[in-house]
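Visitor: My structure is below; once you've seen it, I'll send some questions.
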Amino acid sequence: MDGAGGGQEAPLLVSCPVCSRELPAASINAHLDRCLQGQQPCKKMRLCESPEGSRRAEEPGKSPPTPFALFQKGRCSAVRGKGGEEDGEEGEPGAGPPDASAPDVSRESLAPKLEGKPLADKLRPDTLGDYVGQEQVVGEQTLLRSLLEAHEIPSLILWGPPGCGKTTLAHIIAKGSKKKGTRFVTLSATSAKTNEVREVISQAQNEKRLFKRKTILFIDEIHRFNKAQQDTFLPHVECGTVTLIGATTENPSFQVNSALLSRCRVIVLQKLSVEAMEAILTRALKSLGIRILSPDERGAGSVNGSDSKTSESGMCIEKTAVSTLAYLCDGDARTGLNGLQMAVQAQLTQPPHQSNALSSSANRIVITEDHVKEGLQRSHILYDRAGEEHYNCISALHKSMRGSDENASLYWLARMLEGGEDPLYVARRLVRFASEDIGLADPLALTQAVAAYQGCHFIGMPECEVLLAQCVVYFARAPKSIEMYSAYNNVKACLRNHEGPLPPVPLHLRNAPTKLMKDLGYSKGYKYNPMYKEPVDQEYLPKELKGVDFFKERRM
């Protein structure tokens, strides 16, 4: 009593409402801030079980309560899968007796990593250092990289095929801009309306006027906005109210207003290389804890029946499977990552005794090349009937036939038809080619083209594909002549360049159905050629064009 009265009083303890930990009252506020921000592991523990539940679990015959059963599967498994420092967690070494079903535990640790968002979205990088591919655009010493690192963001139009990194690059810009206090707003042209755009611009004006704060507006699929909607951005991009970043898979020359294009810089992103895709897939496998097996390791594991380097998830993937996936996704990172996710989930859903991915070691599941191919079925063909690839492929077909390359001609034809192109469109282009590039060198080419068009109209796809293939090969092998095509272009140039009124039709070439016309000299002096045995010397061009030869550039 005397010692207690003369000493310092014990501090008052307060229970944390989040994790139920008892702390001194003076430090409860700081603890709450850390706990609510997710910096304390005790918060994650509470989602699984309460401290009282942990103590009761040690008593025989009693199991811990699960007050947050809704989150138990996802959050608890995710925490244990990360190998974090949790007190009283069942996933810790020594927390429970060893279980023979080790592969099942590994499955449980891997499954939460694949739940929720698609893998492509979860693994989206936050910095340029983690951005793979597009070195010609954002590589070291490039202009755009320097501007991004200096947080001087110009208005941009990001143009590239699906899965090449357009949205990811915008995500990186957003992360960097928010650190500097810049406001970043994201809209999708597939769902956003003009009123929403005007509201964002109005807020940007207020932010700039009151707080001197910049606003970056990212519009995904900007080509979905019509011309009137795109005009909404013009004055505000011009005066710097907003910095516009648009992403599109379509050629901006056709889909974006020229006035808006002049205010933005177009950044062309190419589809990812196989090497870049392998790097992306390797990073994804590392984040999932899946080890890549070389061919030697795969063979050794099958023979010995054991694996001393089993991955933390109990799952491995063959090196050939990663390479195959990198090739099959055709430069589309989203397709590659989603295909990987599908292959992994397919093996996780199978019972251990039924999984054909199990190696001879019962502790390891191996994803093979066949599993990857089964998930993707086949390589998707990048083709858009109304977009850039439509014009690229028909141009390649036209030039291949003109160059007499029958193999390339068949390839581009199949590329279009297998991508869903209308066969009648291809047939119409072949009719044009027959006269433009073959012409009088083989007059039967036009007959072939018209017959192919009629055949396609009669029977449709897929039966008509062989008709088009026959016509394309015929044209590639046929002799070429642009004599007629060039001569007609010379005539058009003559008409366009003529100064003054066009010359009148010569009187002797005019028709004279009435007496008045005959009295005026119509058809006077005309020589009817069939009545003469010898060639008739007669002018058929206006006198101003006498001696003109439109075939002067005919091929020798």
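Identifiers in this document derive from the order of the structure tokens: chains are assigned A, B, ..., residues are numbered from 1 separately in each chain, and ligands are numbered from 1 in order of occurrence.
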Segment 424-434 of chain A: which residues within 8 Å, counting only C-alpha atoms, same-chain residues fewer than 5 positions away excluded, as a PyMOL selection string?
Guide: chain A and resi 394+398+439+445-446+449-450+452-453+456-457+468+471-472+475
Visitor: With N, CA and C atoms kept, could you save the residues just selected as an mmCIF file, in the first residue's frame?
Guide:
data_model
loop_
_atom_site.group_PDB
_atom_site.id
_atom_site.type_symbol
_atom_site.label_atom_id
_atom_site.label_comp_id
_atom_site.auth_asym_id
_atom_site.auth_seq_id
_atom_site.Cartn_x
_atom_site.Cartn_y
_atom_site.Cartn_z
ATOM 1 N N ILE A 394 -6.616 -5.700 -96.474
ATOM 2 C CA ILE A 394 -7.033 -5.648 -97.881
ATOM 3 C C ILE A 394 -5.934 -5.024 -98.726
ATOM 4 N N HIS A 398 -4.080 -6.903 -101.862
ATOM 5 C CA HIS A 398 -3.982 -6.255 -103.167
ATOM 6 C C HIS A 398 -2.528 -6.227 -103.654
ATOM 7 N N GLY A 439 -6.178 -5.996 -116.303
ATOM 8 C CA GLY A 439 -6.651 -5.290 -117.494
ATOM 9 C C GLY A 439 -6.644 -6.145 -118.739
ATOM 10 N N ALA A 445 -9.783 -12.211 -116.739
ATOM 11 C CA ALA A 445 -9.689 -11.994 -115.297
ATOM 12 C C ALA A 445 -10.972 -11.355 -114.760
ATOM 13 N N LEU A 446 -11.544 -10.423 -115.519
ATOM 14 C CA LEU A 446 -12.780 -9.777 -115.083
ATOM 15 C C LEU A 446 -13.914 -10.788 -115.015
ATOM 16 N N ALA A 449 -13.532 -12.725 -111.807
ATOM 17 C CA ALA A 449 -13.902 -11.960 -110.618
ATOM 18 C C ALA A 449 -15.420 -11.874 -110.463
ATOM 19 N N VAL A 450 -16.113 -11.601 -111.555
ATOM 20 C CA VAL A 450 -17.575 -11.498 -111.491
ATOM 21 C C VAL A 450 -18.188 -12.845 -111.121
ATOM 22 N N ALA A 452 -16.749 -15.166 -109.345
ATOM 23 C CA ALA A 452 -16.470 -15.405 -107.925
ATOM 24 C C ALA A 452 -17.450 -14.627 -107.050
ATOM 25 N N TYR A 453 -17.745 -13.391 -107.437
ATOM 26 C CA TYR A 453 -18.702 -12.592 -106.662
ATOM 27 C C TYR A 453 -20.082 -13.253 -106.656
ATOM 28 N N CYS A 456 -20.075 -16.347 -104.418
ATOM 29 C CA CYS A 456 -20.130 -15.987 -102.994
ATOM 30 C C CYS A 456 -21.538 -15.564 -102.596
ATOM 31 N N HIS A 457 -22.197 -14.863 -103.495
ATOM 32 C CA HIS A 457 -23.557 -14.416 -103.215
ATOM 33 C C HIS A 457 -24.515 -15.602 -103.137
ATOM 34 N N LEU A 468 -13.110 -17.776 -103.595
ATOM 35 C CA LEU A 468 -12.250 -16.601 -103.492
ATOM 36 C C LEU A 468 -10.783 -16.992 -103.570
ATOM 37 N N CYS A 471 -9.867 -17.512 -107.204
ATOM 38 C CA CYS A 471 -9.770 -16.239 -107.912
ATOM 39 C C CYS A 471 -8.489 -15.497 -107.536
ATOM 40 N N VAL A 472 -8.145 -15.516 -106.238
ATOM 41 C CA VAL A 472 -6.951 -14.816 -105.776
ATOM 42 C C VAL A 472 -5.691 -15.433 -106.384
ATOM 43 N N PHE A 475 -5.396 -14.516 -110.062
ATOM 44 C CA PHE A 475 -4.926 -13.141 -110.255
ATOM 45 C C PHE A 475 -3.442 -13.014 -109.939
#
Visitor: Near Ile482 of chain A, counting only C-alpha atoms, which residues have an atom at most 12 Å away, once you skip same-chain residues fewer than 4 positions from it, shown as a count of residues only?
Guide: 20
Visitor: For Ile245 of chain A, work out the shell of residues within 7 Å, counting only C-alpha atoms and skipping chain neighbours fewer than 4 positions away, then give it as a list in words.
Guide: Ser155, Leu156, Ile157, Leu217, Phe218 and Ile219 of chain A
Visitor: Can I get the selected residues back with all heavy atoms, as a tab-separated table (two decimals), in the first residue's frame?
Guide:
chain	number	residue	atom	x	y	z
A	155	SER	N	-1.22	16.58	-73.57
A	155	SER	CA	-2.42	15.86	-74.03
A	155	SER	C	-1.99	14.78	-75.02
A	155	SER	O	-1.23	15.06	-75.96
A	155	SER	CB	-3.41	16.83	-74.68
A	155	SER	OG	-3.97	17.69	-73.72
A	156	LEU	N	-2.47	13.57	-74.81
A	156	LEU	CA	-2.01	12.42	-75.58
A	156	LEU	C	-3.18	11.63	-76.13
A	156	LEU	O	-4.25	11.58	-75.53
A	156	LEU	CB	-1.17	11.48	-74.70
A	156	LEU	CG	0.07	12.06	-74.01
A	156	LEU	CD1	0.63	11.03	-73.03
A	156	LEU	CD2	1.12	12.46	-75.02
A	157	ILE	N	-2.96	10.99	-77.27
A	157	ILE	CA	-3.84	9.96	-77.81
A	157	ILE	C	-3.02	8.69	-77.90
A	157	ILE	O	-2.06	8.62	-78.69
A	157	ILE	CB	-4.42	10.34	-79.19
A	157	ILE	CG1	-5.25	11.62	-79.11
A	157	ILE	CG2	-5.27	9.19	-79.72
A	157	ILE	CD1	-6.51	11.49	-78.28
A	217	LEU	N	-7.69	14.20	-67.60
A	217	LEU	CA	-8.90	13.43	-67.92
A	217	LEU	C	-8.52	12.31	-68.87
A	217	LEU	O	-8.06	12.55	-69.98
A	217	LEU	CB	-9.95	14.34	-68.56
A	217	LEU	CG	-11.24	13.66	-69.04
A	217	LEU	CD1	-11.92	12.92	-67.91
A	217	LEU	CD2	-12.19	14.67	-69.67
A	218	PHE	N	-8.71	11.07	-68.40
A	218	PHE	CA	-8.41	9.90	-69.23
A	218	PHE	C	-9.72	9.34	-69.78
A	218	PHE	O	-10.64	9.00	-69.03
A	218	PHE	CB	-7.70	8.83	-68.40
A	218	PHE	CG	-7.50	7.53	-69.13
A	218	PHE	CD1	-6.75	7.47	-70.29
A	218	PHE	CD2	-8.07	6.35	-68.65
A	218	PHE	CE1	-6.57	6.28	-70.97
A	218	PHE	CE2	-7.89	5.15	-69.31
A	218	PHE	CZ	-7.14	5.12	-70.47
A	219	ILE	N	-9.80	9.26	-71.11
A	219	ILE	CA	-10.98	8.71	-71.80
A	219	ILE	C	-10.57	7.42	-72.47
A	219	ILE	O	-9.82	7.41	-73.45
A	219	ILE	CB	-11.54	9.70	-72.85
A	219	ILE	CG1	-11.87	11.04	-72.19
A	219	ILE	CG2	-12.78	9.11	-73.51
A	219	ILE	CD1	-13.01	10.99	-71.21
Visitor: Excluding Gln341 of chain A and its own-chain neighbours fewer than 4 positions away, which residues fall within 7 Å of it when counting only C-alpha atoms? Please give them as a ChimeraX atom specification.
Guide: /A:119,337,345
Visitor: Could you list, as a list in words, every residue within 6 Å of Thr249 of chain A, counting only C-alpha atoms and ignoring same-chain residues fewer than 4 positions away?
Guide: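 Here the answer would be Trp159, Gly160 and Pro161 of chain A.
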Visitor: Counting only C-alpha atoms, which of A:Asp332, A:Asp33, A:Glu374, A:Glu483 gets nearest to Ile280 of chain A?
Guide: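 Comparing A:Asp332, A:Asp33, A:Glu374, A:Glu483 against Ile280 of chain A, the winner is A:Asp332.
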Visitor: Tell me which of A:Thr215, A:Ser15, A:Thr349, A:Asn529 sits closest to Pro154 of chain A, counting only C-alpha atoms.
Guide: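 So, comparing all the options, the nearest one is A:Thr215.
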Visitor: Please indicate the distance in Å from atom CA of Thr194 of chain A to atom CA of Phe254 of chain A, rounded to one decimal place.
Guide: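 According to the coordinates, atom CA of Thr194 of chain A and atom CA of Phe254 of chain A are separated by 20.9 Å.
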Visitor: At a cut-off of 6 Å, using only C-alpha atoms, what residues contact segment 312-321 of chain A? Leave out same-chain residues fewer than 6 positions from it and give the result as a list in words.
Guide: Ser106, Leu110, Gly289, Ile290, Arg291, Ile292, Leu293, Ser294, Arg364, Ile365, Val366, Ile367, Thr368 and Glu369 of chain A
Visitor: From the options A:Lys373, A:Glu463, A:His171, A:Leu545, which residue's atoms come nearest to Cys329 of chain A, counting only C-alpha atoms?
Guide: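 Looking only at the distances to Cys329 of chain A, the closest residue turns out to be A:Lys373.
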Visitor: Atom CA of Asp330 of chain A to atom CA of Leu269 of chain A: how many Å, to one decimal?
Guide: 14.3 Å
Visitor: Could you check which of A:Lys492, A:Arg510, A:Lys399, A:Arg224 is closest to Glu250 of chain A, using only C-alpha atoms?
Guide: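 Under the stated criterion, the closest residue is A:Arg224.
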Visitor: Tell me which of A:Cys16, A:Ala26, A:Leu148, A:Cys393 sits closest to Ile172 of chain A, counting only C-alpha atoms.
Guide: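 The shortest atom-to-atom distance to Ile172 of chain A comes from A:Leu148.
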Visitor: Which of these residues is nearest to Pro443 of chain A, using only C-alpha atoms: A:Ala478, A:Ala276, A:Ala469, A:Val18?
Guide: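 Using only C-alpha atoms, Pro443 of chain A sits closest to A:Ala478.
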